[in-house]
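Participant: The structure follows.
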Amino acid sequence: MATTTGPHRFSNRGVRRTITPRSRGALTGFGLVLLGAWGALIPFVGPYFDYAYTPNHTWTWTAARFWLQVLPGGVTFFAGLLLLFTAHRVVAFLAAWSAIAAGAWYVVGPLLAPVWRANYLGTPVGDRTDVAVENIGMFYGLGAAIILLAAMAAGRFSVVGVRDMELASAAAERTIVMPDAAPVQTAAPVATRTPGETAHGAESDVPVGTPTPAYNGESTG
């Protein structure tokens with residue numbers, strides 16, 4: 001397994017913690033996409049079949065529907081998309097917790113609506129059975145289902161499995177090895193000789209200060 005040294009070193013442990021198979025969040029992500037789309041659209045299309053809160057008119061926009069239904073539904077929808085397509089553990093983990101918060105808001109939001117204004121959310125239409133089904137399908141049951149799926153996704157992405165280890169090894173093998181910078185070669189220092197020292201470093205037998213005889217071209221034979 002190729003790794004690099006110096007400032008370009010890659011941590012295999014870090015790769016294992018961040019990279020995960022895309023299929024890990026496929027099921028929960030798809031479920032969150034469906035629940036998010038349902039939660040964001042049902043207040044506008046529900047009146048077609050008398051499944052709504054007042055005002056009981058299709059495609060009627062109100063502030064309460066935005067804050068209590070469309071906003072958490074949109075957060076859940078995009079969190080599900082991230083779980084479907086991301087291969088990054090941290091991104092998937094944050095998406096799962098965002099969906100958990102959106103599901104909790106589906107449960108808590110209707111209870112806090114009267115604090116803002118009386119009849120802020122409206123009232124469910126129909127008889128007692130219809131009212132119970134609308135409360136479950138549009139708020140409390142929907143929020144509980146979102147929390148369940150998102151918590152499952154958060155749990156799956158919080159552990160490192162065997163497939164994660166295999167994926168990390170494959171990613172490390174594809175890592176491009178970046179060579180270190182070549183060492184800078186410096187020039188060798190010029191040796192200096194003192195008088196009376198030969199080129200090999202040994203002292204000469206000739207005493208220091210003795211003049212060297214001049215060569216006159218004659219052979220000494």
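Residues in the structure tokens are named by chain (A, B, ... in the order shown) and by number from 1 within that chain; ligands are numbered from 1 in the order shown.
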Please run DSSP on the backbone and report, as a count of residues only, all residues within stretch 52-180 of chain A that come out as alpha helix (DSSP H).
Facilitator: 83
Participant: For A:Ala96, please output as a list of chain:residue names all residues within 7 Å (counting only C-alpha atoms; exclusion window: fewer than 4 positions along the same chain).
Facilitator: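 Here the answer would be A:Ala79, A:Ala92, A:Ile100, A:Ala150, A:Ala151, A:Ala153, A:Ala154.
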Participant: My list of candidates is A:Leu149, A:Leu121, A:Ala64, A:Val70. Which is closest to A:Leu41 when distances are computed with only C-alpha atoms?
Facilitator: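 Of A:Leu149, A:Leu121, A:Ala64, A:Val70, the one nearest A:Leu41, counting only C-alpha atoms, is A:Val70.
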Participant: Considering only C-alpha atoms, give me a table of residues in stretch 50-146 of chain A that are at most 12 Å from stretch 19-38 of chain A, with the closest atom pair and distance in Å for each, as CSV.
Facilitator:
```
residue,atom,partner,partner_atom,distance
A:Gln69,CA,A:Gly36,CA,9.3
A:Val70,CA,A:Gly36,CA,8.7
A:Leu71,CA,A:Gly36,CA,9.5
A:Pro72,CA,A:Gly36,CA,7.5
A:Gly73,CA,A:Gly36,CA,4.2
A:Gly74,CA,A:Gly36,CA,6.0
A:Val75,CA,A:Gly36,CA,7.3
A:Thr76,CA,A:Gly36,CA,4.8
A:Phe77,CA,A:Gly36,CA,4.4
A:Phe78,CA,A:Val33,CA,7.1
A:Ala79,CA,A:Leu32,CA,7.4
A:Gly80,CA,A:Gly29,CA,4.0
A:Leu81,CA,A:Gly29,CA,6.2
A:Leu82,CA,A:Gly29,CA,7.4
A:Leu83,CA,A:Gly29,CA,4.9
A:Leu84,CA,A:Ala26,CA,4.8
A:Phe85,CA,A:Arg22,CA,6.1
A:Thr86,CA,A:Arg22,CA,6.0
A:Ala87,CA,A:Arg22,CA,4.9
A:His88,CA,A:Ile19,CA,5.0
A:Arg89,CA,A:Ile19,CA,5.8
A:Val90,CA,A:Ile19,CA,8.8
A:Val91,CA,A:Ile19,CA,10.1
A:Ala92,CA,A:Gly25,CA,7.8
A:Phe93,CA,A:Gly25,CA,10.0
A:Ala95,CA,A:Gly29,CA,9.6
A:Ala96,CA,A:Gly29,CA,8.8
A:Ser98,CA,A:Leu32,CA,11.2
A:Ala99,CA,A:Leu32,CA,7.8
A:Ile100,CA,A:Leu32,CA,10.3
A:Ala102,CA,A:Gly36,CA,9.2
A:Gly103,CA,A:Gly36,CA,9.3
A:Tyr106,CA,A:Gly36,CA,10.8
A:Gly137,CA,A:Trp38,CA,9.2
A:Met138,CA,A:Trp38,CA,8.4
A:Phe139,CA,A:Trp38,CA,10.8
A:Gly141,CA,A:Leu35,CA,10.7
A:Leu142,CA,A:Leu35,CA,7.2
A:Gly143,CA,A:Leu35,CA,9.0
A:Ala144,CA,A:Leu35,CA,10.7
A:Ala145,CA,A:Leu35,CA,8.1
A:Ile146,CA,A:Leu32,CA,6.5
```
Participant: Give me, as an NGL selection string, all polymer residues having an atom no more than 12 Å from stretch 113-117 of chain A, counting only C-alpha atoms and skipping those fewer than 6 positions away in the same chain.
Facilitator: :A and (63-65 or 67-69 or 105-107 or 123)
Participant: Select, from A:Val125, A:Pro43, A:Phe49, A:Ile147, the residue with the minimum atom-to-atom distance to A:Trp61, counting only C-alpha atoms.
Facilitator: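 Looking only at the distances to A:Trp61, the closest residue turns out to be A:Pro43.
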Participant: How far is it from atom CA of A:Pro47 to atom CA of A:Asn135, in Å with one decimal?
Facilitator: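 Computed distance, atom CA of A:Pro47 to atom CA of A:Asn135, equals 14.4 Å.
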